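Trainee: File follows, entry13.txt with compact mmCIF, C-alpha atoms:
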# COMPACT_ATOMS: atom_id res chain seq x y z
CA MET A 1 -56.01 11.08 -38.77
CA LYS A 2 -53.93 8.70 -40.88
CA ASN A 3 -52.47 5.81 -38.87
CA LEU A 4 -50.05 3.35 -40.43
CA VAL A 5 -48.57 0.00 -39.60
CA ILE A 6 -44.96 -0.03 -40.83
CA TYR A 7 -43.30 -3.42 -41.12
CA PRO A 8 -39.50 -3.80 -40.89
CA SER A 9 -38.16 -4.05 -44.43
CA LEU A 10 -35.16 -3.42 -46.61
CA LEU A 11 -35.25 -0.10 -48.48
CA THR A 12 -33.21 -0.05 -51.67
CA GLY A 13 -33.29 1.59 -55.09
CA THR A 14 -33.28 5.13 -56.45
CA VAL A 15 -35.25 8.14 -55.19
CA GLN A 16 -35.61 11.62 -56.67
CA ILE A 17 -35.10 14.07 -53.82
CA PRO A 18 -37.73 16.84 -53.53
CA SER A 19 -36.63 20.36 -54.37
CA SER A 20 -35.40 22.55 -51.55
CA LYS A 21 -38.34 24.00 -49.65
CA SER A 22 -36.02 26.71 -48.29
CA MET A 23 -34.96 27.80 -51.78
CA GLY A 24 -38.49 27.38 -53.12
CA HIS A 25 -39.86 29.92 -50.63
CA ARG A 26 -37.04 32.35 -51.39
CA GLU A 27 -37.18 32.15 -55.17
CA ILE A 28 -40.98 32.45 -55.31
CA ILE A 29 -40.75 35.55 -53.08
CA CYS A 30 -38.02 37.15 -55.20
CA ALA A 31 -39.90 36.47 -58.43
CA SER A 32 -43.08 37.90 -56.89
CA LEU A 33 -41.28 41.14 -56.03
CA SER A 34 -39.84 41.55 -59.53
CA LYS A 35 -41.23 43.42 -62.53
CA GLY A 36 -42.36 41.15 -65.34
CA ARG A 37 -42.75 37.41 -65.72
CA SER A 38 -40.60 34.72 -64.13
CA ILE A 39 -40.79 30.94 -64.13
CA VAL A 40 -39.65 29.07 -61.02
CA ASP A 41 -39.34 25.40 -61.97
CA ASN A 42 -38.73 22.09 -60.17
CA ILE A 43 -41.02 22.91 -57.25
CA SER A 44 -42.12 20.12 -54.92
CA ILE A 45 -45.62 21.13 -53.90
CA SER A 46 -46.19 21.16 -50.14
CA LYS A 47 -48.54 22.93 -47.75
CA ASP A 48 -45.79 25.37 -46.76
CA ILE A 49 -45.03 26.36 -50.36
CA LEU A 50 -48.74 26.77 -51.12
CA ALA A 51 -49.08 29.02 -48.05
CA THR A 52 -46.32 31.29 -49.35
CA CYS A 53 -47.93 31.45 -52.80
CA SER A 54 -51.30 32.34 -51.28
CA GLY A 55 -49.74 35.09 -49.17
CA LEU A 56 -47.89 36.58 -52.13
CA ARG A 57 -51.08 36.63 -54.19
CA SER A 58 -52.62 38.68 -51.39
CA LEU A 59 -49.68 41.09 -51.74
CA GLY A 60 -50.33 41.66 -55.45
CA ALA A 61 -48.34 38.99 -57.28
CA LYS A 62 -49.99 36.75 -59.87
CA ILE A 63 -48.89 33.12 -59.49
CA GLU A 64 -50.04 30.34 -61.79
CA GLU A 65 -49.12 26.66 -61.49
CA ILE A 66 -47.87 25.27 -64.82
CA PRO A 67 -46.35 21.93 -65.93
CA SER A 68 -42.72 21.33 -65.03
CA ARG A 69 -39.86 19.94 -67.10
CA TYR A 70 -39.13 17.61 -64.18
CA PRO A 71 -41.09 14.44 -63.25
CA LYS A 72 -43.41 14.76 -60.22
CA ARG A 73 -42.67 18.49 -59.95
CA LYS A 74 -44.49 21.72 -60.74
CA ALA A 75 -43.45 25.11 -62.04
CA PHE A 76 -44.88 28.52 -61.19
CA LEU A 77 -45.43 31.27 -63.73
CA ILE A 78 -45.17 34.47 -61.72
CA GLU A 79 -46.10 38.03 -62.69
CA GLY A 80 -44.38 40.13 -60.06
CA ASN A 81 -45.68 43.27 -58.36
CA ASP A 82 -42.46 45.26 -59.01
CA GLY A 83 -41.98 45.68 -55.28
CA LYS A 84 -45.13 47.80 -55.03
CA ILE A 85 -47.15 46.10 -52.31
CA LYS A 86 -50.85 46.67 -52.74
CA LEU A 87 -53.05 44.42 -50.66
CA GLU A 88 -55.48 42.30 -52.63
CA ASN A 89 -56.48 40.73 -49.32
CA ASN A 90 -55.41 42.08 -45.92
CA ARG A 91 -55.62 38.67 -44.21
CA ILE A 92 -52.63 36.41 -44.81
CA PHE A 93 -53.19 32.79 -43.75
CA CYS A 94 -49.81 31.10 -43.22
CA LYS A 95 -51.11 27.64 -42.26
CA GLU A 96 -48.25 26.13 -40.17
CA SER A 97 -45.39 27.65 -42.14
CA GLY A 98 -42.92 29.66 -40.08
CA SER A 99 -41.07 30.70 -43.25
CA THR A 100 -44.26 32.11 -44.79
CA LEU A 101 -45.10 34.11 -41.67
CA ARG A 102 -41.69 35.52 -40.87
CA PHE A 103 -40.70 36.23 -44.47
CA LEU A 104 -43.96 37.96 -45.40
CA ILE A 105 -44.46 40.16 -42.33
CA PRO A 106 -41.86 42.79 -43.35
CA ILE A 107 -42.94 42.58 -47.01
CA GLY A 108 -46.61 42.96 -46.09
CA ILE A 109 -46.11 46.09 -44.00
CA LEU A 110 -44.37 47.80 -46.92
CA SER A 111 -47.95 48.52 -47.98
CA GLY A 112 -48.61 50.85 -45.06
CA GLU A 113 -52.08 49.32 -44.77
CA LYS A 114 -53.58 47.37 -41.90
CA ILE A 115 -52.76 43.69 -42.35
CA ILE A 116 -53.60 40.56 -40.35
CA PHE A 117 -51.48 37.42 -40.25
CA GLU A 118 -53.13 34.15 -39.24
CA GLY A 119 -51.97 30.57 -38.82
CA GLU A 120 -52.76 27.24 -37.26
CA GLY A 121 -51.21 24.54 -35.11
CA LYS A 122 -47.95 25.31 -33.32
CA LEU A 123 -47.29 28.29 -35.60
CA THR A 124 -49.67 30.38 -33.49
CA GLU A 125 -47.29 29.94 -30.52
CA ARG A 126 -43.92 30.22 -32.25
CA PRO A 127 -41.87 33.29 -31.26
CA LEU A 128 -42.30 36.66 -32.97
CA ASP A 129 -40.62 38.78 -30.28
CA PRO A 130 -37.77 40.01 -32.53
CA TYR A 131 -40.35 41.66 -34.81
CA PHE A 132 -42.35 42.97 -31.87
CA GLU A 133 -39.22 44.75 -30.59
CA ILE A 134 -38.75 46.37 -34.00
CA PHE A 135 -42.41 47.43 -34.13
CA LYS A 136 -42.06 49.16 -30.76
CA GLU A 137 -38.83 50.88 -31.78
CA LYS A 138 -40.19 52.03 -35.15
CA ASN A 139 -43.64 53.04 -33.83
CA ILE A 140 -45.51 50.43 -35.85
CA ASP A 141 -48.80 49.55 -34.18
CA TYR A 142 -49.53 45.88 -33.65
CA LYS A 143 -51.73 43.71 -31.50
CA THR A 144 -52.39 40.06 -30.83
CA PHE A 145 -55.74 38.72 -29.66
CA ASN A 146 -54.60 36.05 -27.22
CA GLU A 147 -52.30 36.18 -24.19
CA ILE A 148 -50.62 32.88 -25.08
CA LYS A 149 -50.69 32.88 -28.88
CA ASN A 150 -49.04 35.36 -31.25
CA LEU A 151 -51.58 34.81 -34.02
CA PRO A 152 -53.80 36.32 -35.26
CA LEU A 153 -51.44 39.33 -35.47
CA GLU A 154 -52.73 42.69 -36.66
CA ILE A 155 -50.16 45.24 -37.87
CA ASP A 156 -50.91 48.86 -38.79
CA GLY A 157 -47.90 50.87 -39.88
CA LYS A 158 -45.20 51.09 -42.52
CA LEU A 159 -41.63 49.90 -42.69
CA LYS A 160 -39.12 52.75 -43.10
CA SER A 161 -35.47 52.74 -44.01
CA GLY A 162 -32.85 53.20 -41.33
CA GLU A 163 -30.97 51.17 -38.76
CA TYR A 164 -32.37 47.87 -37.52
CA SER A 165 -31.13 45.52 -34.81
CA LEU A 166 -32.07 41.87 -34.50
CA VAL A 167 -31.04 38.96 -32.32
CA GLY A 168 -29.54 36.08 -34.24
CA ASP A 169 -30.23 33.20 -31.88
CA VAL A 170 -34.02 32.81 -32.17
CA SER A 171 -34.51 32.24 -35.90
CA SER A 172 -32.67 33.35 -39.02
CA GLN A 173 -36.10 33.80 -40.64
CA PHE A 174 -36.49 37.25 -39.03
CA ILE A 175 -33.26 38.39 -40.65
CA SER A 176 -34.25 36.98 -44.04
CA GLY A 177 -37.64 38.69 -43.84
CA LEU A 178 -36.02 42.10 -43.43
CA LEU A 179 -33.43 41.38 -46.13
CA PHE A 180 -36.27 40.78 -48.61
CA ALA A 181 -38.06 44.03 -47.72
CA LEU A 182 -35.45 46.68 -46.90
CA PRO A 183 -33.94 46.98 -50.42
CA LEU A 184 -37.35 48.20 -51.67
CA LEU A 185 -37.45 51.22 -49.36
CA GLU A 186 -36.51 54.71 -50.54
CA GLY A 187 -33.52 55.16 -48.24
CA ASP A 188 -30.54 53.01 -47.31
CA SER A 189 -30.66 50.67 -44.29
CA VAL A 190 -28.31 48.84 -41.96
CA LEU A 191 -29.28 45.57 -40.26
CA LYS A 192 -27.16 44.71 -37.21
CA ILE A 193 -27.09 41.31 -35.50
CA THR A 194 -26.79 41.75 -31.74
CA THR A 195 -26.13 38.16 -30.61
CA LYS A 196 -24.37 35.07 -31.91
CA LEU A 197 -25.95 34.11 -35.24
CA GLU A 198 -27.24 30.56 -35.56
CA SER A 199 -28.21 29.00 -38.89
CA ALA A 200 -25.99 31.36 -40.87
CA SER A 201 -26.35 29.01 -43.83
CA TYR A 202 -30.03 30.00 -44.15
CA ILE A 203 -28.98 33.65 -44.45
CA ASP A 204 -26.52 32.57 -47.13
CA LEU A 205 -29.42 31.00 -49.03
CA THR A 206 -31.36 34.27 -48.77
CA LEU A 207 -28.39 36.35 -49.94
CA LYS A 208 -27.81 33.91 -52.83
CA SER A 209 -31.44 34.25 -53.93
CA LEU A 210 -31.40 38.03 -53.62
CA SER A 211 -28.21 38.29 -55.66
CA LYS A 212 -29.66 35.99 -58.32
CA TYR A 213 -32.66 38.33 -58.67
CA GLY A 214 -30.51 41.47 -58.85
CA ILE A 215 -30.50 42.70 -55.23
CA LYS A 216 -27.15 43.81 -53.78
CA ILE A 217 -26.49 43.52 -50.05
CA GLU A 218 -23.10 43.96 -48.39
CA ASN A 219 -22.57 41.20 -45.84
CA LYS A 220 -20.08 42.15 -43.12
CA ASN A 221 -19.28 38.73 -41.70
CA HIS A 222 -22.95 38.13 -40.78
CA LYS A 223 -22.69 40.80 -38.09
CA GLU A 224 -23.99 43.65 -40.18
CA TYR A 225 -25.75 43.97 -43.54
CA ILE A 226 -25.54 47.18 -45.57
CA ILE A 227 -28.62 47.56 -47.75
CA GLU A 228 -28.96 50.18 -50.46
CA GLY A 229 -32.49 51.46 -50.99
CA ASN A 230 -34.52 51.89 -54.19
CA GLN A 231 -33.40 48.55 -55.60
CA LYS A 232 -35.38 46.52 -58.12
CA TYR A 233 -35.84 42.77 -58.28
CA LYS A 234 -35.23 41.45 -61.80
CA ASN A 235 -37.38 38.75 -63.37
CA LEU A 236 -35.81 35.52 -64.63
CA ASP A 237 -36.39 31.82 -65.18
CA SER A 238 -34.94 29.56 -62.52
CA VAL A 239 -34.70 25.94 -61.38
CA VAL A 240 -34.84 25.13 -57.65
CA GLU A 241 -32.16 22.77 -56.33
CA GLY A 242 -32.78 19.55 -54.38
CA ASP A 243 -33.36 19.57 -50.61
CA TYR A 244 -30.67 18.13 -48.32
CA SER A 245 -33.02 18.16 -45.32
CA GLN A 246 -35.35 15.77 -47.18
CA GLY A 247 -32.51 13.83 -48.76
CA ALA A 248 -31.16 13.17 -45.26
CA PHE A 249 -33.94 10.64 -44.58
CA TRP A 250 -32.91 8.47 -47.53
CA LEU A 251 -29.17 8.93 -46.97
CA VAL A 252 -29.60 7.64 -43.41
CA ALA A 253 -31.98 4.89 -44.57
CA GLY A 254 -29.34 3.62 -46.96
CA GLY A 255 -26.80 3.55 -44.14
CA LEU A 256 -29.13 1.47 -41.94
CA ASN A 257 -29.47 -1.24 -44.58
CA PRO A 258 -27.54 -4.52 -44.45
CA GLN A 259 -24.03 -4.10 -45.80
CA SER A 260 -23.73 -3.78 -49.60
CA GLU A 261 -27.42 -2.74 -49.94
CA SER A 262 -27.88 0.92 -50.86
CA ILE A 263 -30.18 3.81 -51.74
CA ILE A 264 -29.31 6.26 -54.51
CA SER A 265 -30.50 9.84 -53.85
CA GLU A 266 -30.73 11.92 -57.04
CA GLY A 267 -31.05 15.68 -57.49
CA LEU A 268 -28.75 17.04 -54.75
CA ASP A 269 -26.41 19.88 -55.74
CA LEU A 270 -22.90 19.24 -54.41
CA ASP A 271 -22.17 22.99 -54.59
CA SER A 272 -25.22 23.88 -52.49
CA LEU A 273 -25.01 26.41 -49.65
CA GLN A 274 -27.69 24.57 -47.65
CA GLY A 275 -26.61 24.04 -44.05
CA ASP A 276 -28.20 20.59 -44.11
CA LYS A 277 -25.57 19.53 -46.66
CA LYS A 278 -23.56 18.90 -43.49
CA ILE A 279 -25.37 15.54 -43.44
CA LEU A 280 -22.69 14.22 -45.81
CA GLU A 281 -19.80 15.10 -43.51
CA ILE A 282 -21.62 13.76 -40.43
CA LEU A 283 -22.51 10.47 -42.11
CA GLU A 284 -18.93 9.91 -43.25
CA ARG A 285 -17.70 10.74 -39.74
CA MET A 286 -20.09 8.13 -38.35
CA GLY A 287 -18.81 5.48 -40.75
CA VAL A 288 -21.61 5.46 -43.35
CA LYS A 289 -20.14 4.67 -46.76
CA LEU A 290 -21.12 7.18 -49.45
CA LYS A 291 -20.47 7.17 -53.17
CA ILE A 292 -20.77 10.74 -54.40
CA GLU A 293 -21.18 11.70 -58.04
CA LYS A 294 -22.63 14.76 -59.73
CA ASN A 295 -26.26 15.15 -58.56
CA LYS A 296 -26.24 11.57 -57.28
CA ILE A 297 -25.31 10.24 -53.81
CA GLU A 298 -25.42 6.54 -52.94
CA SER A 299 -25.45 5.53 -49.27
CA PHE A 300 -24.58 1.94 -48.36
CA GLY A 301 -25.46 -0.25 -45.38
CA SER A 302 -22.61 0.34 -42.94
CA LYS A 303 -21.51 -0.25 -39.38
CA SER A 304 -21.86 3.21 -37.86
CA PHE A 305 -20.24 4.81 -34.84
CA SER A 306 -20.97 7.54 -32.32
CA THR A 307 -19.88 11.16 -32.67
CA ILE A 308 -20.66 14.68 -31.43
CA ILE A 309 -23.20 16.55 -33.59
CA ASP A 310 -23.47 20.34 -33.37
CA ALA A 311 -27.06 21.24 -34.27
CA SER A 312 -26.60 25.02 -34.44
CA ASP A 313 -26.42 25.23 -38.24
CA CYS A 314 -28.39 22.14 -39.26
CA PRO A 315 -31.37 21.79 -36.88
CA ASP A 316 -33.72 20.15 -39.39
CA ILE A 317 -31.61 17.00 -39.78
CA ILE A 318 -31.27 16.33 -36.04
CA PRO A 319 -34.36 14.04 -35.74
CA ILE A 320 -33.12 11.66 -38.47
CA LEU A 321 -29.54 11.78 -37.14
CA THR A 322 -30.96 10.81 -33.74
CA VAL A 323 -32.34 7.67 -35.40
CA LEU A 324 -28.91 6.85 -36.83
CA ALA A 325 -27.21 7.53 -33.50
CA SER A 326 -29.69 5.22 -31.74
CA LEU A 327 -28.45 2.43 -33.99
CA SER A 328 -24.72 3.26 -33.92
CA GLU A 329 -21.99 1.85 -31.69
CA GLY A 330 -21.09 4.05 -28.72
CA VAL A 331 -22.54 7.21 -27.18
CA THR A 332 -23.49 10.12 -29.45
CA LYS A 333 -23.99 13.64 -28.11
CA ILE A 334 -26.13 16.25 -29.84
CA ILE A 335 -25.25 19.78 -28.69
CA ASN A 336 -26.48 23.35 -29.30
CA ALA A 337 -29.95 22.09 -30.16
CA LYS A 338 -32.16 24.20 -27.90
CA ARG A 339 -33.91 25.87 -30.86
CA LEU A 340 -35.42 22.50 -31.80
CA ARG A 341 -37.83 23.03 -28.92
CA ILE A 342 -39.60 25.84 -30.80
CA LYS A 343 -40.15 24.13 -34.15
CA GLU A 344 -43.43 22.49 -35.27
CA CYS A 345 -43.18 20.69 -31.95
CA ASP A 346 -40.53 20.32 -29.25
CA ARG A 347 -38.41 18.13 -31.50
CA LEU A 348 -35.88 17.16 -28.82
CA ASN A 349 -38.61 15.89 -26.53
CA ALA A 350 -40.58 14.33 -29.39
CA ILE A 351 -37.80 12.30 -31.00
CA ALA A 352 -36.39 11.18 -27.63
CA THR A 353 -39.81 10.16 -26.33
CA GLU A 354 -40.89 8.24 -29.42
CA LEU A 355 -37.58 6.47 -30.12
CA ASN A 356 -37.39 5.42 -26.47
CA LYS A 357 -40.82 3.84 -26.94
CA LEU A 358 -39.24 1.77 -29.72
CA GLY A 359 -36.45 0.64 -27.42
CA ALA A 360 -33.79 3.32 -27.90
CA ASP A 361 -31.72 4.71 -25.01
CA ILE A 362 -31.86 8.51 -25.21
CA GLU A 363 -31.37 11.02 -22.40
CA GLU A 364 -32.80 14.48 -22.98
CA LEU A 365 -30.82 17.57 -21.95
CA GLU A 366 -31.92 21.19 -22.02
CA ASP A 367 -30.05 21.87 -25.25
CA GLY A 368 -29.32 18.43 -26.63
CA LEU A 369 -29.44 14.65 -26.36
CA ILE A 370 -27.21 11.83 -25.16
CA ILE A 371 -27.83 8.68 -27.20
CA LYS A 372 -26.51 5.23 -26.33
CA GLY A 373 -26.52 3.18 -29.48
CA LYS A 374 -28.08 -0.28 -29.89
CA GLU A 375 -27.88 -2.86 -32.64
CA PHE A 376 -31.66 -3.03 -33.10
CA LEU A 377 -34.83 -1.35 -31.86
CA GLN A 378 -37.92 -3.34 -30.85
CA GLY A 379 -40.89 -1.65 -32.51
CA GLY A 380 -44.07 -0.37 -30.91
CA GLU A 381 -46.74 2.33 -31.03
CA VAL A 382 -45.61 5.92 -31.59
CA SER A 383 -46.94 9.39 -32.41
CA CYS A 384 -45.76 11.91 -35.01
CA TRP A 385 -46.54 14.93 -32.77
CA ASN A 386 -48.05 16.52 -35.93
CA ASP A 387 -44.48 17.08 -37.12
CA HIS A 388 -43.38 15.96 -40.58
CA ARG A 389 -39.73 15.42 -39.60
CA ILE A 390 -40.66 13.26 -36.62
CA ALA A 391 -42.96 11.15 -38.82
CA MET A 392 -40.34 10.54 -41.50
CA SER A 393 -37.60 9.83 -38.94
CA LEU A 394 -39.72 7.18 -37.22
CA ALA A 395 -40.51 5.59 -40.57
CA VAL A 396 -36.80 5.22 -41.32
CA ALA A 397 -36.21 3.75 -37.85
CA SER A 398 -38.49 0.84 -38.83
CA ILE A 399 -35.68 -0.57 -41.01
CA LYS A 400 -33.90 -1.81 -37.89
CA CYS A 401 -36.88 -2.70 -35.71
CA LYS A 402 -37.55 -6.32 -34.78
CA ASP A 403 -41.30 -5.81 -34.87
CA LYS A 404 -43.76 -3.50 -36.59
CA ILE A 405 -44.32 0.18 -35.80
CA ILE A 406 -47.81 1.63 -35.43
CA LEU A 407 -47.51 5.29 -36.40
CA HIS A 408 -50.24 7.78 -35.47
CA GLY A 409 -50.72 10.98 -37.52
CA ALA A 410 -48.75 9.99 -40.62
CA GLU A 411 -50.53 12.58 -42.80
CA CYS A 412 -48.37 15.38 -41.35
CA VAL A 413 -45.68 14.69 -44.00
CA GLU A 414 -47.84 16.75 -46.37
CA LYS A 415 -46.41 19.89 -44.77
CA SER A 416 -43.12 19.45 -46.62
CA TYR A 417 -42.97 16.11 -48.48
CA PRO A 418 -46.40 14.83 -49.62
CA GLU A 419 -44.82 12.07 -51.76
CA PHE A 420 -42.86 10.60 -48.84
CA TRP A 421 -45.02 7.51 -48.31
CA ASN A 422 -45.10 6.78 -52.06
CA ASP A 423 -41.31 7.01 -52.20
CA PHE A 424 -41.05 4.85 -49.07
CA VAL A 425 -43.14 2.10 -50.69
CA ASN A 426 -41.32 2.39 -54.03
CA LEU A 427 -38.04 1.71 -52.23
CA GLY A 428 -39.50 -1.45 -50.70
CA GLY A 429 -41.22 -0.16 -47.57
CA LYS A 430 -44.23 -2.13 -46.36
CA ILE A 431 -47.05 -0.11 -44.88
CA GLU A 432 -50.72 -0.69 -44.14
CA GLU A 433 -53.28 1.96 -43.27
CA ILE A 434 -55.46 1.28 -40.23
How would this structure read if it were set down as structure tokens?
Mentor:
Amino acid sequence: MKNLVIYPSLLTGTVQIPSSKSMGHREIICASLSKGRSIVDNISISKDILATCSGLRSLGAKIEEIPSRYPKRKAFLIEGNDGKIKLENNRIFCKESGSTLRFLIPIGILSGEKIIFEGEGKLTERPLDPYFEIFKEKNIDYKTFNEIKNLPLEIDGKLKSGEYSLVGDVSSQFISGLLFALPLLEGDSVLKITTKLESASYIDLTLKSLSKYGIKIENKNHKEYIIEGNQKYKNLDSVVEGDYSQGAFWLVAGGLNPQSESIISEGLDLDSLQGDKKILEILERMGVKLKIEKNKIESFGSKSFSTIIDASDCPDIIPILTVLASLSEGVTKIINAKRLRIKECDRLNAIATELNKLGADIEELEDGLIIKGKEFLQGGEVSCWNDHRIAMSLAVASIKCKDKIILHGAECVEKSYPEFWNDFVNLGGKIEEI
């Protein structure tokens, strides 16, 4: 386990934001289902992305890592399987990546062969019930091997075209998984959403990727999706956009600086459909000064104020916004955040517990948080809960601590942002491994 001492320090300078992990997963999947060669460039390598690549290789795609045109990035040369799923390996190891698991399950069972999905950490306990309901309805055999855990999961059956119903309030990943697979079936399909849809922006990202690779889906106000069968993914060369969920850490860090000091975040697309782009509107509402130019956003040290934050469409940025709220004047409320309890950890409990250890004043509710802001935090000893977003949020909180932070489990950032600690130091952060 990697434990760090983080000393309070000013962070300033320029940082290149990692590419969007959400779009990386989606574009690699689309390219892998196409016929012919594609290049997906500007990929930030993380454990989650590598898990998706490994799974797609098992489903018949050929994926080779090649040099990128962009500094500190990689590109993938992908020879797709033309949507014809033939298992090279019937065991798909998803590590801790929920996207890998939920996206690849419907694609994997296009093969009609017995397939086993495995994982580790909290992924083994994360919900799969929406798929289990479909398996029962469509007579697809499946079994788990543990009363508490959903993985390993063995599936023996084949996806068929027709009408599908899914809840929309557990995870949008189930919907995306079916949207990738259903266009490849012989007949037409309809996917109906039976509850309120949360994280609609993630479905928009999926639909954007599918359209880019030649797949047509009729979206009826996110309540119903009409999917023509016998479609073909086209191959192409593509560049993945920057990630607002990762950029959020540096945008908030800039806002916590002394006034006039700033951090410039480069590589964020102002026309992005990412739900986490909402960070810009929330920061401005809280009084953080931003200077926005094409692909470049500068956040300045500012006096910030409380607000109400609806987490339903931007759950990934809630931990870092909780840090900002803890250091903002007034009482901030985070609402509609219950789904954060079923992420890599219970993120509501984790961020409230650890920031309170540092001297914050946070009350935990069933579906949100009430945060009474303070001018400074004290410092102390905290845990990452094996969650990359908790680790990075606590690191940013150190800017306004009076004393050092001892952070346990700092290696978990490798799940999504392996370069985080290097970028932290390059911006002026002071850390020491113990």
Trainee: So how far away is atom CA of A:Glu414 from atom CA of A:Glu88, in Å?
Mentor: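 Interatomic distance, atom CA of A:Glu88 to atom CA of A:Glu414: 27.4 Å.
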Trainee: If we count all atoms listed in the file and set the cut-off at 9 Å, which residues sit around A:Leu321, ignoring sequence neighbours fewer than 2 positions away in its own chain? Please answer as a list in words.
Mentor: Ala248, Phe249, Val252, Ile279, Ile282, Leu283, Ile309, Ile317, Ile318, Pro319, Val323, Leu324, Ala325, Ser326 and Ser393 of chain A
Trainee: Quick one, how far is atom CA of A:Asn81 from atom CA of A:Tyr142?
Mentor: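 Those two atoms sit 25.1 Å apart.
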Trainee: Grab the atom CA of A:Ile17 to atom CA of A:Lys402 distance for me, in Å with one decimal place.
Mentor: 28.0 Å
Trainee: Which is closer to A:Ser46 than all the others in A:Glu96, A:Phe300, A:Leu191, A:Asn3, using all atoms listed in the file?
Mentor: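 Checking each of A:Glu96, A:Phe300, A:Leu191, A:Asn3 against A:Ser46, counting all atoms listed in the file, the winner is A:Glu96.
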Trainee: Might you pull out every residue within 9 Å of A:Ile434, with only C-alpha atoms counted and same-chain residues fewer than 5 positions away left off, and present them as a PyMOL selection string?
Mentor: chain A and resi 2-5
Trainee: Have a look at A:Leu110, A:Leu185, A:Val170, A:Ile390 and name the one nearest to A:Asp156; count only C-alpha atoms.
Mentor: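 The answer is A:Leu110, which sits nearest to A:Asp156.
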Trainee: Taking into account all atoms listed in the file, which residue in the set A:Ile92, A:Leu340, A:Met392, A:Ile263 is nearest to A:Leu10?
Mentor: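 Closest to A:Leu10 of all the choices is A:Ile263.
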Trainee: Out of A:Leu128, A:Val167, A:Leu11, A:Ala410, which residue has the shortest atom-to-atom distance to A:Lys149 when counting only C-alpha atoms?
Mentor: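 Among the listed residues, the smallest separation from A:Lys149 belongs to A:Leu128.
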Trainee: List the neighbours of stretch 209-217 of chain A out to 9 Å using only C-alpha atoms; skip same-chain residues closer than 4 positions along the sequence, and give me the result as a count of residues only.
Mentor: 21
Trainee: Is it possible to get the residues within 7 Å of (-36.0, 29.4, -58.2) (coordinates as in the file, counting only C-alpha atoms) written as number ranges by chain?
Mentor: A: 23-24, 27-28, 40-41, 238-240
Trainee: Since fewer atoms than expected are present, regenerate N, CA, C and O atoms for stretch 68-78 of chain A and write them as a short mmCIF file (atom, residue, chain, number, x, y, z; two decimals), keeping the file's coordinate frame.
Mentor:
data_model
loop_
_atom_site.label_atom_id
_atom_site.label_comp_id
_atom_site.auth_asym_id
_atom_site.auth_seq_id
_atom_site.Cartn_x
_atom_site.Cartn_y
_atom_site.Cartn_z
N SER A 68 -44.17 21.24 -65.22
CA SER A 68 -42.72 21.33 -65.03
C SER A 68 -41.99 20.48 -66.06
O SER A 68 -42.55 19.54 -66.64
N ARG A 69 -40.72 20.78 -66.26
CA ARG A 69 -39.86 19.94 -67.10
C ARG A 69 -39.38 18.71 -66.34
O ARG A 69 -38.75 17.83 -66.91
N TYR A 70 -39.67 18.67 -65.04
CA TYR A 70 -39.13 17.61 -64.18
C TYR A 70 -40.26 16.70 -63.70
O TYR A 70 -41.33 17.18 -63.30
N PRO A 71 -40.05 15.38 -63.69
CA PRO A 71 -41.09 14.44 -63.25
C PRO A 71 -41.53 14.72 -61.81
O PRO A 71 -40.71 15.02 -60.95
N LYS A 72 -42.82 14.61 -61.56
CA LYS A 72 -43.41 14.76 -60.22
C LYS A 72 -43.22 16.16 -59.62
O LYS A 72 -43.35 16.34 -58.42
N ARG A 73 -42.88 17.13 -60.44
CA ARG A 73 -42.67 18.49 -59.95
C ARG A 73 -43.64 19.44 -60.64
O ARG A 73 -44.27 19.09 -61.63
N LYS A 74 -43.70 20.66 -60.13
CA LYS A 74 -44.49 21.72 -60.74
C LYS A 74 -43.59 22.93 -61.00
O LYS A 74 -42.49 23.04 -60.46
N ALA A 75 -44.10 23.81 -61.83
CA ALA A 75 -43.45 25.11 -62.04
C ALA A 75 -44.48 26.19 -61.76
O ALA A 75 -45.69 25.96 -61.85
N PHE A 76 -44.00 27.38 -61.39
CA PHE A 76 -44.88 28.52 -61.19
C PHE A 76 -44.53 29.61 -62.18
O PHE A 76 -43.36 30.01 -62.30
N LEU A 77 -45.55 30.08 -62.89
CA LEU A 77 -45.43 31.27 -63.73
C LEU A 77 -45.86 32.45 -62.87
O LEU A 77 -46.99 32.48 -62.37
N ILE A 78 -44.95 33.39 -62.69
CA ILE A 78 -45.17 34.47 -61.72
C ILE A 78 -45.07 35.83 -62.40
O ILE A 78 -44.05 36.15 -63.04
#
